[in-house]
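Undergrad: Structure provided below as structure tokens; questions to follow.
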2 protein chains.
Amino acid sequence: MELRHLRYFVGVATELNFSKAAEKLLVSQPALSTQIVDLEEDLGAPLFIRSTRQVRLTAAGEAFLEEAEDILRRAEVARQRVARVARGEEGELTVSFFAAPIMFFLPELVRRFRAAYPAVSLRLRELTPDRQLAAFDRNEIDVGFTRPLPPGHPHLECEQLFEERFLAVMAETHPLAGRDRISLDELAGEPFVLMDRAVAVTLYDLVIALCREAGFSPLVEHTPDLMASLLMMVAAEQGVSVVPEGVRNLRDRQVAYVPLDPSPDPIPLLLSWDPGRDNPARDAFLRLVREGGPDIRQQARLAE
Amino acid sequence: MELRHLRYFVGVATELNFSKAAEKLLVSQPALSTQIVDLEEDLGAPLFIRSTRQVRLTAAGEAFLEEAEDILRRAEVARQRVARVARGEEGELTVSFFAAPIMFFLPELVRRFRAAYPAVSLRLRELTPDRQLAAFDRNEIDVGFTRPLPPGHPHLECEQLFEERFLAVMAETHPLAGRDRISLDELAGEPFVLMDRAVAVTLYDLVIALCREAGFSPLVEHTPDLMASLLMMVAAEQGVSVVPEGVRNLRDRQVAYVPLDPSPDPIPLLLSWDPGRDNPARDAFLRLVREGGPDIRQQARLAE
DNA sequence: AGATTTGATAAGTTTGTCTTATCAATAGGC
DNA sequence: GCCTATTGATAAGACAAACTTATCAAATCT
């Protein structure tokens with residue numbers, strides 16, 4: 001049994017006339033007759049009662065007509081669905097992010113994507129950069145907003161969205177709080193609060209490296225899991241820290257952010273994905289991000 | 001797109017290995033490869049990402065896998081449904097009857113049919129013999145319990161179930177009520193109550209003919225639509241009648257049934273159907289009636 | 001580096017689907 | 001009642017397609 005048999009059968013069953021049906025189906029009448037006979041033999045039951053003047057459906061034929069029409073409809077639906085998925089208009093997309101730098105531009109991005117691709121079911125997952133890597137391996141996420149990757153993930157592709165300067169952060173009561181700028185070595189004697197290394201490898205290692213370059217090894221007092229906790233600790237005078245400027249979005253009160261001078265290399269925010277996996281909805285999302293690029297820096301509320 | 005493409009696609013999509021899938025599908029690997037390529041071209045989108053060592057589904061492929069499996073399942077369901085309908089195990093069956101003679105054996109028959117063919121949806125319709133003919137023409141009924149047909153319906157096939165003697169019927173207060181048997185001409189002077197001719201042509205014309213043979217033309221006073229009404233009128237001393245013995249099932253009180261002597265030819269009860277229409281469920285019903293034939297006469301509560 | 005696995009490609013065969021030509025049966029017209 | 005038109009089935013041959021075997025190229029594993 002092939003779809004051709006179903007198409008031919010439905011043609012004959014609706015016309016109830018082999019010759020007319022053959023014309024509509026663009027085949028010769030004998031071809032149609034033999035195909036119907038083949039179908040009947042395959043099913044093991046006659047579908048039509050034929051006389052030279054009249055063609056009627058058997059009970060089996062009537063039942064099969066419903067089924068055949070349904071199957072052909074579904075084949076058409078399948079074809080259209082494939083086209084929609086391939087165009088990225090329909091599908092599944094899981095976007096992963098971590099809080100601070102993207103918390104202001106992501107909602108707008110998601111709104112625009114939803115408007116443009118309403119049939120894509122979009123999920124958002126907050127994951128720290130390291131967890132994003134594991135999630136990519138498990139094929140649980142399609143796009144990640146993340147920090148530069150540690151080596152060993154050559155299969156992931158990355159694209160820089162913007163860069164963030166590093167700022168020193170301290171309690172507003174701290175003696176250095178009022179300064180326009182500070183040199184990193186001025187923090188040499190201070191206790192430090194840094195994000196837990198397991199949660200933010202890149203950031204942790206970068207800050208340590210910066211301090212080293214500035215000629216000291218920071219005294220790390222606390223390693224919270226969340227950036228919000230880190231800021232709370234800084235506000236509580238438990239120590240100072242060096243953070244990307246996007247972190248300002250999380251907290252402005254009771255803490256002071258001071259630019260570093262000399263300013264170290266800024267830390268990039270990346271968009272990453274697995275080009276080895278196919279997901280047209282993801283590609284559509286990436287296109288949208290690229291189009292929206294100019295706005296994003298602004299929406300991220302970074303100082304120019 | 002043909003079902004073959006779907007079968008092959010599902011094979012490859014589940015194995016994710018063309019060679020192994022080809023083995024399971026009993027085709028050569030190149031044949032499988034080209035068929036998949038054909039399918040992809042037909043759909044206008046790649047379904048697999050192939051490297052020489054790894055085969056993966058695209059997003060479109062994953063969507064199509066769901067659809068293809070569904071379509072193949074439905075094709076199998078269609079095939080099975082046709083087989084069931086052709087065997088009469090599934091389908092629609094409308095049985096038509098008129099009240100008196102079958103009111104006792106029909107319920108049992110229906111129960112047995114339902115038990116044997118639970119997937120056949122059986123409808124019962126009470127229709128007088130003449131309406132049954134019109135219903136056959138409109139393809140509204142599949143089987144009819146009826147009286148001998150007036151000529152002009154050669155396309156209907158009939159089978160006799162049993163015959164009923166004619167009985168005279170009169171009010172129990174009637175002078176002839178106590179008799180063992182009467183001769184029809186003894187009713188010559190009586191007013192008659194007969195079923196309306198439009199509702200029961202065969203019966204009406206038969207009774208008139210019987211009276212003629214007995215040498216008189218009956219004085220027809222009333223022509224009710226329903227046999228129950230006829231019996232009520234007889235009980236009310238509005239007249240006498242001649243009815244098939246099955247009518248006793250409708251009413252025993254206040255009326256008396258007296259056999260005729262000489263006994264006229266009995267009137268048959270027939271089963272009729274349109275052999276030009278196919279309905280295996282109907283054929284199954286007919287077989288059941290034939291099997292149950294010996295019981296039916298008894299269940300109809302006819303005097304032996 | 002060599003061996004092995006695996007999908008694609010090429011050439012040729014086979015299968016089966018299609019077309020044209022024709023027939024047989026039925027219904028309707030004259 | 002005969003003739004004609006319509007219609008589905010059948011037969012023969014043409015054509016298209018799907019299939020097989022043989023081979024290659026790329027990639028992984030030893």
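Order determines the names: the first chain of the structure tokens is A, the second B, and so forth; residues in each chain are numbered 1 upward, and ligands are numbered 1 upward as they are shown.
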Give one line per residue of chain C that approaches segment 11-30 of chain D to at most 9 Å, naming the two atoms of the closest pair and their distance in Å to one decimal, counting only C-alpha atoms (C1' of nucleotides); sort by chain then ascending residue number and deliver it as CSV.
TA:
```
residue,atom,partner,partner_atom,distance
C:DG2,C1',D:DT30,C1',8.9
C:DA3,C1',D:DT30,C1',8.1
C:DT4,C1',D:DC29,C1',8.1
C:DT5,C1',D:DT28,C1',7.9
C:DT6,C1',D:DA27,C1',8.8
C:DA8,C1',D:DC24,C1',8.3
C:DT9,C1',D:DC24,C1',7.7
C:DA10,C1',D:DT23,C1',8.3
C:DA11,C1',D:DA22,C1',8.8
C:DG12,C1',D:DT20,C1',8.9
C:DT13,C1',D:DT20,C1',7.6
C:DT14,C1',D:DC19,C1',7.4
C:DT15,C1',D:DA18,C1',7.7
C:DG16,C1',D:DA17,C1',8.5
C:DT17,C1',D:DA16,C1',7.8
C:DC18,C1',D:DC15,C1',7.4
C:DT19,C1',D:DA14,C1',7.7
C:DT20,C1',D:DG13,C1',9.0
C:DA21,C1',D:DA11,C1',8.8
C:DT22,C1',D:DA11,C1',8.3
```
Undergrad: I'd like a table as CSV: residues in chain B with an atom no more than 10 Å from chain C, each row giving the shortest atom pair and its distance in Å to one decimal, only C-alpha atoms (C1' of nucleotides) counted, sorted by chain and rising residue number.
TA:
```
residue,atom,partner,partner_atom,distance
B:Asn17,CA,C:DT6,C1',8.3
B:Phe18,CA,C:DG7,C1',7.3
B:Ser19,CA,C:DT6,C1',7.4
B:Gln29,CA,C:DG7,C1',8.5
B:Pro30,CA,C:DA8,C1',7.8
B:Ser33,CA,C:DG7,C1',7.7
B:Thr34,CA,C:DA8,C1',9.0
B:Arg50,CA,C:DG7,C1',7.7
B:Ser51,CA,C:DG7,C1',7.6
B:Thr52,CA,C:DT6,C1',5.3
B:Arg53,CA,C:DT6,C1',6.1
B:Gln54,CA,C:DT6,C1',8.5
B:Val55,CA,C:DG7,C1',9.3
```
Undergrad: Go ahead and write the residues just picked, C-alpha atoms, as a PDB file, in the first residue's frame.
TA:
```
ATOM      1  CA  ASN B  17      22.624   4.404  10.597  1.00  0.00           C
ATOM      2  CA  PHE B  18      21.866   3.888   6.919  1.00  0.00           C
ATOM      3  CA  SER B  19      23.577   0.504   6.618  1.00  0.00           C
ATOM      4  CA  GLN B  29      22.063   0.698   1.502  1.00  0.00           C
ATOM      5  CA  PRO B  30      22.384   2.704  -1.746  1.00  0.00           C
ATOM      6  CA  SER B  33      20.204   6.519   0.569  1.00  0.00           C
ATOM      7  CA  THR B  34      18.697   7.589  -2.736  1.00  0.00           C
ATOM      8  CA  ARG B  50      25.208  13.024   7.735  1.00  0.00           C
ATOM      9  CA  SER B  51      28.869  12.647   8.291  1.00  0.00           C
ATOM     10  CA  THR B  52      30.571   9.395   7.343  1.00  0.00           C
ATOM     11  CA  ARG B  53      30.571   8.413  10.987  1.00  0.00           C
ATOM     12  CA  GLN B  54      27.438   9.935  12.348  1.00  0.00           C
ATOM     13  CA  VAL B  55      23.845  10.448  11.262  1.00  0.00           C
TER      14      VAL B  55
END
```
Undergrad: Determine which residues of chain D sit within 12 Å of chain A, taking into account only C-alpha atoms (C1' of nucleotides), and present them as a ChimeraX atom specification.
TA: /D:5-11
Undergrad: Can you list every residue of chain A that has an atom at most 10 Å from chain B, with its nearest atom pair and the distance in Å to one decimal, using only C-alpha atoms, ordered by chain then number, as a Markdown table?
TA:
```
| residue | atom | partner | partner_atom | distance |
| --- | --- | --- | --- | --- |
| A:Met1 | CA | B:Leu3 | CA | 7.4 |
| A:Glu2 | CA | B:Leu3 | CA | 5.0 |
| A:Leu3 | CA | B:Glu2 | CA | 5.0 |
| A:Arg4 | CA | B:Glu2 | CA | 6.7 |
| A:His5 | CA | B:Glu2 | CA | 9.4 |
| A:Leu6 | CA | B:Ala75 | CA | 9.8 |
| A:Asp42 | CA | B:Arg79 | CA | 9.1 |
| A:Leu43 | CA | B:Arg79 | CA | 6.2 |
| A:Gly44 | CA | B:Ala83 | CA | 7.2 |
| A:Ala45 | CA | B:Ala86 | CA | 6.3 |
| A:Pro46 | CA | B:Ala86 | CA | 8.2 |
| A:Leu47 | CA | B:Val82 | CA | 8.8 |
| A:Phe48 | CA | B:Asp278 | CA | 9.1 |
| A:Ile49 | CA | B:Asp278 | CA | 8.0 |
| A:Arg56 | CA | B:Arg277 | CA | 8.3 |
| A:Leu57 | CA | B:Asp278 | CA | 7.8 |
| A:Thr58 | CA | B:Asp278 | CA | 5.0 |
| A:Ala59 | CA | B:Asn279 | CA | 5.4 |
| A:Ala60 | CA | B:Val82 | CA | 5.1 |
| A:Gly61 | CA | B:Val82 | CA | 7.4 |
| A:Glu62 | CA | B:Val82 | CA | 9.0 |
| A:Ala63 | CA | B:Val82 | CA | 6.5 |
| A:Phe64 | CA | B:Val82 | CA | 6.0 |
| A:Leu65 | CA | B:Ala78 | CA | 9.3 |
| A:Glu66 | CA | B:Ala78 | CA | 8.8 |
| A:Glu67 | CA | B:Ala78 | CA | 5.6 |
| A:Ala68 | CA | B:Ala78 | CA | 7.5 |
| A:Asp70 | CA | B:Arg74 | CA | 8.6 |
| A:Ile71 | CA | B:Ile71 | CA | 6.2 |
| A:Leu72 | CA | B:Ile71 | CA | 8.7 |
| A:Arg73 | CA | B:Ile71 | CA | 9.8 |
| A:Arg74 | CA | B:Ile71 | CA | 6.8 |
| A:Ala75 | CA | B:Ile71 | CA | 7.0 |
| A:Glu76 | CA | B:Met1 | CA | 9.9 |
| A:Val77 | CA | B:Glu67 | CA | 8.4 |
| A:Ala78 | CA | B:Glu67 | CA | 5.6 |
| A:Arg79 | CA | B:Leu43 | CA | 6.2 |
| A:Gln80 | CA | B:Leu43 | CA | 8.6 |
| A:Arg81 | CA | B:Ala63 | CA | 7.3 |
| A:Val82 | CA | B:Ala60 | CA | 5.1 |
| A:Ala83 | CA | B:Ala45 | CA | 6.9 |
| A:Arg84 | CA | B:Ala60 | CA | 8.2 |
| A:Val85 | CA | B:Ala60 | CA | 5.3 |
| A:Ala86 | CA | B:Ala60 | CA | 5.3 |
| A:Arg87 | CA | B:Ala60 | CA | 9.0 |
| A:Gly88 | CA | B:Ala59 | CA | 9.0 |
| A:Glu90 | CA | B:Ala60 | CA | 9.5 |
| A:Gly91 | CA | B:Ala59 | CA | 7.6 |
| A:Glu92 | CA | B:Ala59 | CA | 8.7 |
| A:Gly276 | CA | B:Ile49 | CA | 8.6 |
| A:Arg277 | CA | B:Thr58 | CA | 7.2 |
| A:Asp278 | CA | B:Thr58 | CA | 5.0 |
| A:Asn279 | CA | B:Ala59 | CA | 5.4 |
| A:Pro280 | CA | B:Ala59 | CA | 7.2 |
| A:Ala281 | CA | B:Ala59 | CA | 8.8 |
```
Undergrad: So, counting only C-alpha atoms, which residue among B:Phe216, B:Leu270, B:Arg282, B:Ala236 is closest to Arg123 of chain B?
TA: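 Among the listed residues, B:Arg282 lies closest to Arg123 of chain B.
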Undergrad: Any chance you could list, as a PyMOL selection string, the residues in segment 122-268 of chain A that come up strand (DSSP E) when DSSP is run on the backbone?
TA: chain A and resi 122-126+143-146+157-164+166-171+191-193+219-222+241-244+255-259+267-268
Undergrad: Report the residues of segment 78-300 of chain B whose backbone DSSP state falls under helix (DSSP H, G or I), written as a JSON list (two decimals) with C-alpha atoms, in the first residue's frame.
TA:
```json
[["chain", "number", "residue", "atom", "x", "y", "z"],
["B", 78, "ALA", "CA", -6.98, 1.65, 8.14],
["B", 79, "ARG", "CA", -5.91, -1.75, 6.89],
["B", 80, "GLN", "CA", -7.23, -3.46, 10.00],
["B", 81, "ARG", "CA", -10.45, -1.51, 9.94],
["B", 82, "VAL", "CA", -11.12, -2.53, 6.34],
["B", 83, "ALA", "CA", -10.59, -6.16, 7.31],
["B", 84, "ARG", "CA", -12.97, -5.86, 10.23],
["B", 85, "VAL", "CA", -15.64, -4.12, 8.19],
["B", 86, "ALA", "CA", -15.27, -6.67, 5.39],
["B", 99, "ALA", "CA", -44.53, -4.56, 15.55],
["B", 100, "ALA", "CA", -46.75, -7.55, 15.97],
["B", 101, "PRO", "CA", -45.18, -10.75, 14.79],
["B", 102, "ILE", "CA", -41.59, -10.13, 15.70],
["B", 105, "PHE", "CA", -38.08, -12.92, 18.99],
["B", 106, "LEU", "CA", -36.41, -9.68, 17.86],
["B", 107, "PRO", "CA", -35.03, -8.64, 21.25],
["B", 108, "GLU", "CA", -33.34, -12.00, 21.72],
["B", 109, "LEU", "CA", -31.97, -11.85, 18.19],
["B", 110, "VAL", "CA", -30.57, -8.37, 18.76],
["B", 111, "ARG", "CA", -28.99, -9.45, 22.03],
["B", 112, "ARG", "CA", -27.26, -12.36, 20.34],
["B", 113, "PHE", "CA", -26.06, -10.19, 17.48],
["B", 114, "ARG", "CA", -24.70, -7.56, 19.84],
["B", 115, "ALA", "CA", -22.81, -10.22, 21.76],
["B", 116, "ALA", "CA", -21.31, -11.72, 18.61],
["B", 129, "PRO", "CA", -43.83, -2.64, 5.23],
["B", 130, "ASP", "CA", -44.59, 0.10, 2.70],
["B", 131, "ARG", "CA", -42.31, 2.59, 4.42],
["B", 132, "GLN", "CA", -39.59, -0.01, 4.49],
["B", 133, "LEU", "CA", -39.59, -0.03, 0.70],
["B", 134, "ALA", "CA", -39.05, 3.71, 0.55],
["B", 135, "ALA", "CA", -36.36, 3.41, 3.23],
["B", 136, "PHE", "CA", -34.54, 0.78, 1.16],
["B", 137, "ASP", "CA", -34.61, 3.12, -1.81],
["B", 175, "PRO", "CA", -71.82, -14.58, 19.78],
["B", 176, "LEU", "CA", -69.13, -16.36, 17.78],
["B", 177, "ALA", "CA", -66.47, -15.78, 20.44],
["B", 178, "GLY", "CA", -66.78, -19.19, 22.06],
["B", 184, "LEU", "CA", -65.27, -17.00, 7.00],
["B", 185, "ASP", "CA", -68.71, -16.54, 5.42],
["B", 186, "GLU", "CA", -70.18, -16.48, 8.88],
["B", 187, "LEU", "CA", -68.72, -12.98, 9.19],
["B", 201, "VAL", "CA", -51.33, -3.05, 1.50],
["B", 202, "THR", "CA", -50.60, -6.72, 1.46],
["B", 203, "LEU", "CA", -52.71, -7.52, 4.48],
["B", 204, "TYR", "CA", -55.63, -5.33, 3.39],
["B", 205, "ASP", "CA", -55.77, -6.75, -0.08],
["B", 206, "LEU", "CA", -55.41, -10.32, 1.17],
["B", 207, "VAL", "CA", -58.30, -10.02, 3.61],
["B", 208, "ILE", "CA", -60.51, -8.45, 0.99],
["B", 209, "ALA", "CA", -59.59, -11.26, -1.43],
["B", 210, "LEU", "CA", -60.33, -13.91, 1.23],
["B", 211, "CYS", "CA", -63.77, -12.46, 1.83],
["B", 212, "ARG", "CA", -64.44, -12.35, -1.89],
["B", 213, "GLU", "CA", -63.55, -16.04, -2.13],
["B", 227, "MET", "CA", -52.82, -2.88, 14.87],
["B", 228, "ALA", "CA", -53.22, -2.03, 18.53],
["B", 229, "SER", "CA", -55.94, 0.44, 17.62],
["B", 230, "LEU", "CA", -57.63, -2.18, 15.48],
["B", 231, "LEU", "CA", -57.76, -4.60, 18.41],
["B", 232, "MET", "CA", -59.05, -1.89, 20.68],
["B", 233, "MET", "CA", -61.88, -1.19, 18.23],
["B", 234, "VAL", "CA", -62.67, -4.89, 17.96],
["B", 235, "ALA", "CA", -62.76, -5.13, 21.76],
["B", 245, "GLU", "CA", -52.01, -15.03, 14.34],
["B", 246, "GLY", "CA", -48.92, -13.10, 15.47],
["B", 247, "VAL", "CA", -51.28, -10.28, 16.34],
["B", 248, "ARG", "CA", -52.27, -12.25, 19.46],
["B", 249, "ASN", "CA", -49.05, -10.99, 20.98],
["B", 280, "PRO", "CA", -21.05, -7.57, 5.63],
["B", 281, "ALA", "CA", -22.59, -6.71, 8.99],
["B", 282, "ARG", "CA", -26.00, -7.25, 7.42],
["B", 283, "ASP", "CA", -24.85, -10.57, 5.99],
["B", 284, "ALA", "CA", -23.69, -11.58, 9.44],
["B", 285, "PHE", "CA", -27.11, -10.64, 10.78],
["B", 286, "LEU", "CA", -28.81, -12.72, 8.08],
["B", 287, "ARG", "CA", -26.62, -15.70, 8.95],
["B", 288, "LEU", "CA", -27.57, -15.32, 12.58],
["B", 289, "VAL", "CA", -31.27, -15.25, 11.71],
["B", 290, "ARG", "CA", -30.89, -18.40, 9.60],
["B", 291, "GLU", "CA", -29.04, -20.21, 12.39],
["B", 293, "GLY", "CA", -34.50, -20.09, 12.48],
["B", 294, "PRO", "CA", -35.80, -23.10, 14.43],
["B", 295, "ASP", "CA", -36.10, -21.03, 17.60],
["B", 296, "ILE", "CA", -37.78, -18.12, 15.96],
["B", 297, "ARG", "CA", -41.10, -19.74, 15.25],
["B", 298, "GLN", "CA", -41.31, -20.78, 18.85],
["B", 299, "GLN", "CA", -40.26, -17.42, 20.20]]
```
Undergrad: Kindly give the distance, in Å, that separates atom CA of Arg147 of chain B and atom CA of Leu122 of chain B, rounded to a single decimal.
TA: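 These two atoms are separated by 22.1 Å.
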Undergrad: Report as a PyMOL selection string all protein, DNA and RNA residues lying within 8 Å of Thr128 of chain B, evaluated on only C-alpha atoms (C1' of nucleotides), omitting residues in the same chain fewer than 3 positions from it.
TA: chain B and resi 97-98+131-132+146+199-200
Undergrad: State, in Å with one decimal place, the distance from atom CA of Val220 of chain B to atom CA of Arg181 of chain B.
TA: 22.4 Å
Undergrad: What is the atom CA of Thr173 of chain A-atom CA of Gly239 of chain A distance in Å, reported with one decimal?
TA: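 Distance between the two atoms: 11.6 Å.
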